[in-house]
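upload-v8.pdb follows (PDB, C-alpha atoms):
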ATOM      1  CA  MET G   1     211.666  38.408 -56.694
ATOM      2  CA  THR G   2     213.211  35.141 -55.515
ATOM      3  CA  ASP G   3     211.322  32.940 -53.070
ATOM      4  CA  PRO G   4     211.902  34.351 -49.576
ATOM      5  CA  LYS G   5     212.552  32.223 -46.513
ATOM      6  CA  ALA G   6     211.042  34.735 -44.088
ATOM      7  CA  ILE G   7     208.494  37.564 -44.233
ATOM      8  CA  LEU G   8     208.901  40.876 -42.371
ATOM      9  CA  LEU G   9     205.847  43.138 -42.144
ATOM     10  CA  ASP G  10     205.200  46.729 -41.162
ATOM     11  CA  ILE G  11     201.860  47.365 -39.378
ATOM     12  CA  GLU G  12     200.362  50.784 -40.170
ATOM     13  CA  GLY G  13     199.165  50.845 -43.766
ATOM     14  CA  THR G  14     200.403  47.287 -44.318
ATOM     15  CA  THR G  15     198.557  44.850 -42.046
ATOM     16  CA  SER G  16     196.329  47.421 -40.372
ATOM     17  CA  SER G  17     194.774  50.764 -41.241
ATOM     18  CA  ILE G  18     196.646  53.957 -40.432
ATOM     19  CA  SER G  19     193.371  55.448 -39.251
ATOM     20  CA  PHE G  20     193.034  52.809 -36.503
ATOM     21  CA  VAL G  21     196.295  53.922 -34.943
ATOM     22  CA  ALA G  22     195.766  57.637 -35.591
ATOM     23  CA  ASP G  23     192.053  57.855 -34.818
ATOM     24  CA  GLU G  24     191.621  55.218 -32.103
ATOM     25  CA  LEU G  25     194.851  54.142 -30.417
ATOM     26  CA  PHE G  26     196.606  57.507 -30.128
ATOM     27  CA  PRO G  27     193.554  59.384 -28.783
ATOM     28  CA  TYR G  28     192.854  56.540 -26.336
ATOM     29  CA  ALA G  29     196.405  56.740 -24.978
ATOM     30  CA  ARG G  30     196.224  60.531 -24.812
ATOM     31  CA  ARG G  31     192.966  60.457 -22.827
ATOM     32  CA  HIS G  32     194.257  57.924 -20.312
ATOM     33  CA  LEU G  33     197.943  58.889 -20.021
ATOM     34  CA  ALA G  34     197.835  61.247 -17.029
ATOM     35  CA  ALA G  35     195.548  58.966 -15.013
ATOM     36  CA  PHE G  36     197.629  55.885 -15.862
ATOM     37  CA  VAL G  37     200.844  57.572 -14.688
ATOM     38  CA  GLN G  38     199.149  58.687 -11.487
ATOM     39  CA  ASN G  39     197.541  55.301 -10.769
ATOM     40  CA  HIS G  40     200.574  53.149 -11.685
ATOM     41  CA  PRO G  41     203.607  55.006 -10.271
ATOM     42  CA  GLU G  42     205.729  51.878  -9.824
ATOM     43  CA  VAL G  43     205.414  51.013 -13.535
ATOM     44  CA  SER G  44     205.553  54.586 -14.823
ATOM     45  CA  ALA G  45     208.518  55.897 -12.816
ATOM     46  CA  PRO G  46     211.346  54.209 -14.800
ATOM     47  CA  ILE G  47     209.670  55.218 -18.065
ATOM     48  CA  LEU G  48     209.225  58.832 -16.980
ATOM     49  CA  ALA G  49     212.902  58.908 -15.980
ATOM     50  CA  GLU G  50     213.762  58.669 -19.686
ATOM     51  CA  VAL G  51     211.576  61.678 -20.587
ATOM     52  CA  PRO G  52     213.167  65.175 -20.571
ATOM     53  CA  GLY G  53     211.593  68.273 -19.077
ATOM     54  CA  ASP G  54     210.054  69.342 -15.783
ATOM     55  CA  ASP G  55     206.510  68.372 -16.761
ATOM     56  CA  ARG G  56     207.116  64.934 -18.221
ATOM     57  CA  VAL G  57     203.455  64.126 -18.770
ATOM     58  CA  ALA G  58     203.147  67.304 -20.857
ATOM     59  CA  THR G  59     206.191  66.219 -22.862
ATOM     60  CA  LEU G  60     204.620  62.815 -23.509
ATOM     61  CA  LEU G  61     201.350  64.409 -24.612
ATOM     62  CA  ARG G  62     203.267  66.698 -26.969
ATOM     63  CA  TRP G  63     205.100  63.680 -28.376
ATOM     64  CA  ILE G  64     201.746  62.020 -29.093
ATOM     65  CA  ASP G  65     200.561  65.146 -30.919
ATOM     66  CA  GLU G  66     203.792  65.249 -32.921
ATOM     67  CA  ASP G  67     203.672  61.487 -33.676
ATOM     68  CA  ARG G  68     207.170  61.112 -32.236
ATOM     69  CA  LYS G  69     208.710  57.625 -32.297
ATOM     70  CA  GLU G  70     210.263  57.939 -28.840
ATOM     71  CA  THR G  71     210.769  54.617 -27.031
ATOM     72  CA  PRO G  72     209.498  55.809 -23.581
ATOM     73  CA  LEU G  73     206.283  57.038 -25.194
ATOM     74  CA  LYS G  74     205.826  53.805 -27.143
ATOM     75  CA  THR G  75     206.378  51.776 -23.976
ATOM     76  CA  LEU G  76     203.849  53.773 -21.979
ATOM     77  CA  GLN G  77     201.295  53.740 -24.798
ATOM     78  CA  GLY G  78     201.634  49.958 -24.937
ATOM     79  CA  LEU G  79     200.804  49.665 -21.245
ATOM     80  CA  ILE G  80     197.765  51.927 -21.585
ATOM     81  CA  TRP G  81     196.528  50.026 -24.630
ATOM     82  CA  ALA G  82     197.029  46.719 -22.788
ATOM     83  CA  GLN G  83     194.525  47.905 -20.210
ATOM     84  CA  GLY G  84     192.123  49.001 -22.957
ATOM     85  CA  TYR G  85     192.332  45.648 -24.735
ATOM     86  CA  ALA G  86     191.936  43.771 -21.440
ATOM     87  CA  ASP G  87     188.844  45.836 -20.642
ATOM     88  CA  GLY G  88     187.405  45.116 -24.094
ATOM     89  CA  GLU G  89     187.431  48.800 -25.036
ATOM     90  CA  LEU G  90     189.903  48.215 -27.887
ATOM     91  CA  LYS G  91     190.077  45.719 -30.753
ATOM     92  CA  GLY G  92     193.061  45.652 -33.087
ATOM     93  CA  HIS G  93     192.233  46.447 -36.693
ATOM     94  CA  VAL G  94     193.627  44.199 -39.400
ATOM     95  CA  TYR G  95     192.700  44.166 -43.079
ATOM     96  CA  PRO G  96     190.742  41.052 -44.155
ATOM     97  CA  ASP G  97     193.676  39.860 -46.272
ATOM     98  CA  THR G  98     196.052  39.984 -43.283
ATOM     99  CA  PRO G  99     194.953  36.821 -41.421
ATOM    100  CA  GLU G 100     194.559  35.026 -44.740
ATOM    101  CA  ALA G 101     198.138  35.915 -45.735
ATOM    102  CA  LEU G 102     199.537  35.004 -42.323
ATOM    103  CA  ARG G 103     197.899  31.582 -42.501
ATOM    104  CA  ARG G 104     199.035  31.021 -46.088
ATOM    105  CA  TRP G 105     202.648  31.867 -45.336
ATOM    106  CA  THR G 106     202.711  29.889 -42.085
ATOM    107  CA  GLN G 107     201.242  26.822 -43.752
ATOM    108  CA  ALA G 108     203.917  27.138 -46.438
ATOM    109  CA  GLY G 109     206.589  27.024 -43.739
ATOM    110  CA  LEU G 110     207.503  30.708 -43.938
ATOM    111  CA  PRO G 111     208.053  32.411 -40.569
ATOM    112  CA  VAL G 112     206.440  35.853 -40.361
ATOM    113  CA  PHE G 113     207.918  38.701 -38.305
ATOM    114  CA  ILE G 114     206.680  42.200 -37.477
ATOM    115  CA  TYR G 115     208.765  45.395 -37.511
ATOM    116  CA  SER G 116     206.928  48.509 -36.371
ATOM    117  CA  SER G 117     207.694  51.803 -34.666
ATOM    118  CA  GLY G 118     205.129  50.798 -32.048
ATOM    119  CA  SER G 119     206.543  48.846 -29.103
ATOM    120  CA  ILE G 120     206.687  45.054 -29.227
ATOM    121  CA  ALA G 121     204.107  44.950 -26.441
ATOM    122  CA  ALA G 122     201.756  47.134 -28.505
ATOM    123  CA  GLN G 123     202.299  44.949 -31.569
ATOM    124  CA  LYS G 124     201.346  41.821 -29.634
ATOM    125  CA  LEU G 125     198.198  43.545 -28.404
ATOM    126  CA  ILE G 126     197.027  44.488 -31.899
ATOM    127  CA  PHE G 127     197.454  40.944 -33.199
ATOM    128  CA  GLY G 128     196.461  39.219 -29.973
ATOM    129  CA  HIS G 129     193.188  41.147 -29.675
ATOM    130  CA  SER G 130     192.433  41.708 -33.350
ATOM    131  CA  VAL G 131     189.030  41.925 -34.975
ATOM    132  CA  ALA G 132     189.932  38.537 -36.531
ATOM    133  CA  GLY G 133     190.821  36.962 -33.182
ATOM    134  CA  ASP G 134     194.215  36.019 -31.773
ATOM    135  CA  LEU G 135     196.722  36.032 -34.634
ATOM    136  CA  THR G 136     199.866  35.758 -32.503
ATOM    137  CA  PRO G 137     200.243  31.980 -33.120
ATOM    138  CA  LEU G 138     200.859  32.892 -36.778
ATOM    139  CA  LEU G 139     203.766  35.228 -35.941
ATOM    140  CA  SER G 140     207.329  34.165 -35.186
ATOM    141  CA  GLY G 141     208.720  37.357 -33.680
ATOM    142  CA  TYR G 142     208.555  41.127 -33.291
ATOM    143  CA  PHE G 143     210.944  44.068 -33.718
ATOM    144  CA  ASP G 144     210.544  47.733 -32.769
ATOM    145  CA  THR G 145     212.650  50.895 -32.463
ATOM    146  CA  THR G 146     214.888  49.266 -29.836
ATOM    147  CA  THR G 147     216.451  47.442 -32.804
ATOM    148  CA  GLY G 148     216.927  50.734 -34.646
ATOM    149  CA  PRO G 149     215.053  53.360 -36.693
ATOM    150  CA  LYS G 150     212.971  52.003 -39.551
ATOM    151  CA  ARG G 151     214.588  54.292 -42.118
ATOM    152  CA  GLU G 152     218.141  53.164 -41.355
ATOM    153  CA  THR G 153     219.799  50.374 -43.310
ATOM    154  CA  GLY G 154     221.540  48.940 -40.257
ATOM    155  CA  SER G 155     218.228  48.096 -38.604
ATOM    156  CA  TYR G 156     217.331  45.640 -41.347
ATOM    157  CA  ALA G 157     220.753  43.997 -41.266
ATOM    158  CA  LYS G 158     220.291  43.477 -37.506
ATOM    159  CA  ILE G 159     216.852  41.934 -38.022
ATOM    160  CA  ALA G 160     218.077  39.508 -40.688
ATOM    161  CA  ASP G 161     220.871  38.464 -38.342
ATOM    162  CA  ALA G 162     218.461  38.108 -35.413
ATOM    163  CA  ILE G 163     216.132  35.773 -37.292
ATOM    164  CA  GLY G 164     219.060  33.780 -38.650
ATOM    165  CA  ALA G 165     218.492  34.533 -42.318
ATOM    166  CA  MET G 166     220.593  35.965 -45.102
ATOM    167  CA  PRO G 167     219.292  39.463 -45.942
ATOM    168  CA  GLY G 168     218.374  38.389 -49.471
ATOM    169  CA  ASP G 169     216.155  35.633 -48.090
ATOM    170  CA  VAL G 170     213.932  38.101 -46.188
ATOM    171  CA  LEU G 171     211.000  39.879 -47.826
ATOM    172  CA  PHE G 172     209.983  43.168 -46.170
ATOM    173  CA  VAL G 173     206.609  44.793 -46.884
ATOM    174  CA  SER G 174     205.825  48.405 -45.942
ATOM    175  CA  ASP G 175     203.821  51.391 -47.177
ATOM    176  CA  ILE G 176     206.743  53.799 -46.604
ATOM    177  CA  GLN G 177     209.179  54.237 -49.489
ATOM    178  CA  ALA G 178     212.056  55.338 -47.221
ATOM    179  CA  GLU G 179     211.739  52.097 -45.259
ATOM    180  CA  ILE G 180     211.664  50.066 -48.462
ATOM    181  CA  ASP G 181     214.809  51.858 -49.650
ATOM    182  CA  ALA G 182     216.608  51.187 -46.358
ATOM    183  CA  ALA G 183     215.652  47.500 -46.442
ATOM    184  CA  ARG G 184     216.836  47.138 -50.036
ATOM    185  CA  ASP G 185     220.105  48.878 -49.193
ATOM    186  CA  ALA G 186     220.597  46.226 -46.500
ATOM    187  CA  GLY G 187     220.128  43.512 -49.118
ATOM    188  CA  LEU G 188     216.557  42.513 -48.279
ATOM    189  CA  GLN G 189     213.866  41.967 -50.845
ATOM    190  CA  ALA G 190     211.195  44.623 -50.328
ATOM    191  CA  LEU G 191     207.785  45.511 -51.700
ATOM    192  CA  LEU G 192     205.986  48.837 -51.343
ATOM    193  CA  ILE G 193     202.313  48.290 -50.534
ATOM    194  CA  ASP G 194     199.824  51.021 -51.475
ATOM    195  CA  ARG G 195     196.322  50.089 -50.407
ATOM    196  CA  GLU G 196     194.729  53.368 -51.443
ATOM    197  CA  GLY G 197     196.374  54.192 -54.773
ATOM    198  CA  ASP G 198     198.499  52.849 -57.624
ATOM    199  CA  ALA G 199     201.994  53.842 -56.484
ATOM    200  CA  GLY G 200     202.980  50.575 -54.827
ATOM    201  CA  ASP G 201     204.418  47.284 -56.009
ATOM    202  CA  VAL G 202     201.338  45.579 -54.544
ATOM    203  CA  HIS G 203     197.982  46.752 -53.185
ATOM    204  CA  SER G 204     197.201  43.977 -50.723
ATOM    205  CA  LEU G 205     198.939  41.087 -48.976
ATOM    206  CA  ALA G 206     196.836  38.730 -51.093
ATOM    207  CA  GLU G 207     199.025  39.643 -54.073
ATOM    208  CA  ILE G 208     202.197  38.381 -52.396
ATOM    209  CA  ARG G 209     202.356  34.704 -53.306
ATOM    210  CA  ALA G 210     205.611  33.934 -51.524
TER     211      ALA G 210
END
Mind converting the file's structure to structure tokens?
Amino acid sequence: MTDPKAILLDIEGTTSSISFVADELFPYARRHLAAFVQNHPEVSAPILAEVPGDDRVATLLRWIDEDRKETPLKTLQGLIWAQGYADGELKGHVYPDTPEALRRWTQAGLPVFIYSSGSIAAQKLIFGHSVAGDLTPLLSGYFDTTTGPKRETGSYAKIADAIGAMPGDVLFVSDIQAEIDAARDAGLQALLIDREGDAGDVHSLAEIRA
């Protein structure tokens, strides 16, 4: 691996536990979705317009159950989570090595970016209201599915262009092999992180001495 000039990180399984999203965030959004739509019609209406079906709330709930990466759902979830974070009911999980790595890279002059299937708003909430405090000053930018699917090569080429870096100068870290493959096909450096087993290139962000 050559020294990268920028770091690009996935969230679930990389900076934060999958269980936090699956066991806390998704159920929270599911519980509050119908009431949020009813109580915030002016915000919800343009989002619901992008959802197919006669019963659009039911469609959204089904998408949550199916873990669909649909942009309207991600947008609405982000708004619901924003309320939960503001009320102090939610705190974003990050692994202990995450803030340490973010500080290390930032101090070394490396900009750090996030690329997750969760909306940019939701990403900012996790890092802005994390169990380790506000980590957003350590991040230089965010990307979500509006850039493109995470398993498509073109998405990573777009991100490298957006941050003004050659693809080979960007290091992407994720726990999903298909995403790693797509990033490598785009010319990025990429490392598979496996926090629970021995299948990955690394097992924590502490191992990445970029």
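Here CA of Glu50 (chain G) stands at a distance of 25.6 Å from CA of Ile11 (chain G).
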Name the residues in contact with Gly118 (chain G) at a cut-off of 7 Å, using all atoms listed in the file, excluding same-chain residues fewer than 2 positions from it; report them as a VMD selection string.
chain G and resid 74 116 120 122 to 123 144
What do you get, as a PyMOL selection string, if you spell out every residue that the PyMOL selection byres ((chain G and resi 162) around 12) selects here?
chain G and resi 6+113+140-143+147+155-161+163-167+170
Residue by residue, what does the PyMOL selection byres ((chain G and resi 148-150) around 12) grab here? Present the result as a PyMOL selection string.
chain G and resi 9-10+68-71+114-119+143-147+151-159+172+174-183+186
Let me make sure I understand: among G:Leu76, G:Leu191, G:Ala206, G:Leu110, which one has the smallest atom-to-atom distance to Met1 (chain G) if we use all atoms listed in the file?
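The closest residue to Met1 (chain G) is G:Leu191.
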Step by step, gather every atom of region 20-23 of chain G that the file lists, find the box along x, y and z that holds them, add 4 Å on each side, and finally give centre and edge lengths in Å to one decimal, as lines of an AutoDock Vina configuration file.
center_x = 194.2
center_y = 55.3
center_z = -35.7
size_x = 12.2
size_y = 13.0
size_z = 9.7
Expected selection from the PyMOL selection byres ((chain G and resi 195) around 12), given as a ChimeraX atom specification
/G:12-18,95,97,174-176,192-194,196-207
Separation of CA of Phe36 (chain G) from CA of Val57 (chain G), in Å and rounded to one decimal:
10.5 Å
Counting only C-alpha atoms, closest pick from G:Ala190, G:Val43, G:Leu125, G:Leu48 relative to Gly84 (chain G) is G:Leu125
CA of Ala121 (chain G) to CA of Ala82 (chain G): how many Å, to one decimal?
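Those two atoms sit 8.2 Å apart.
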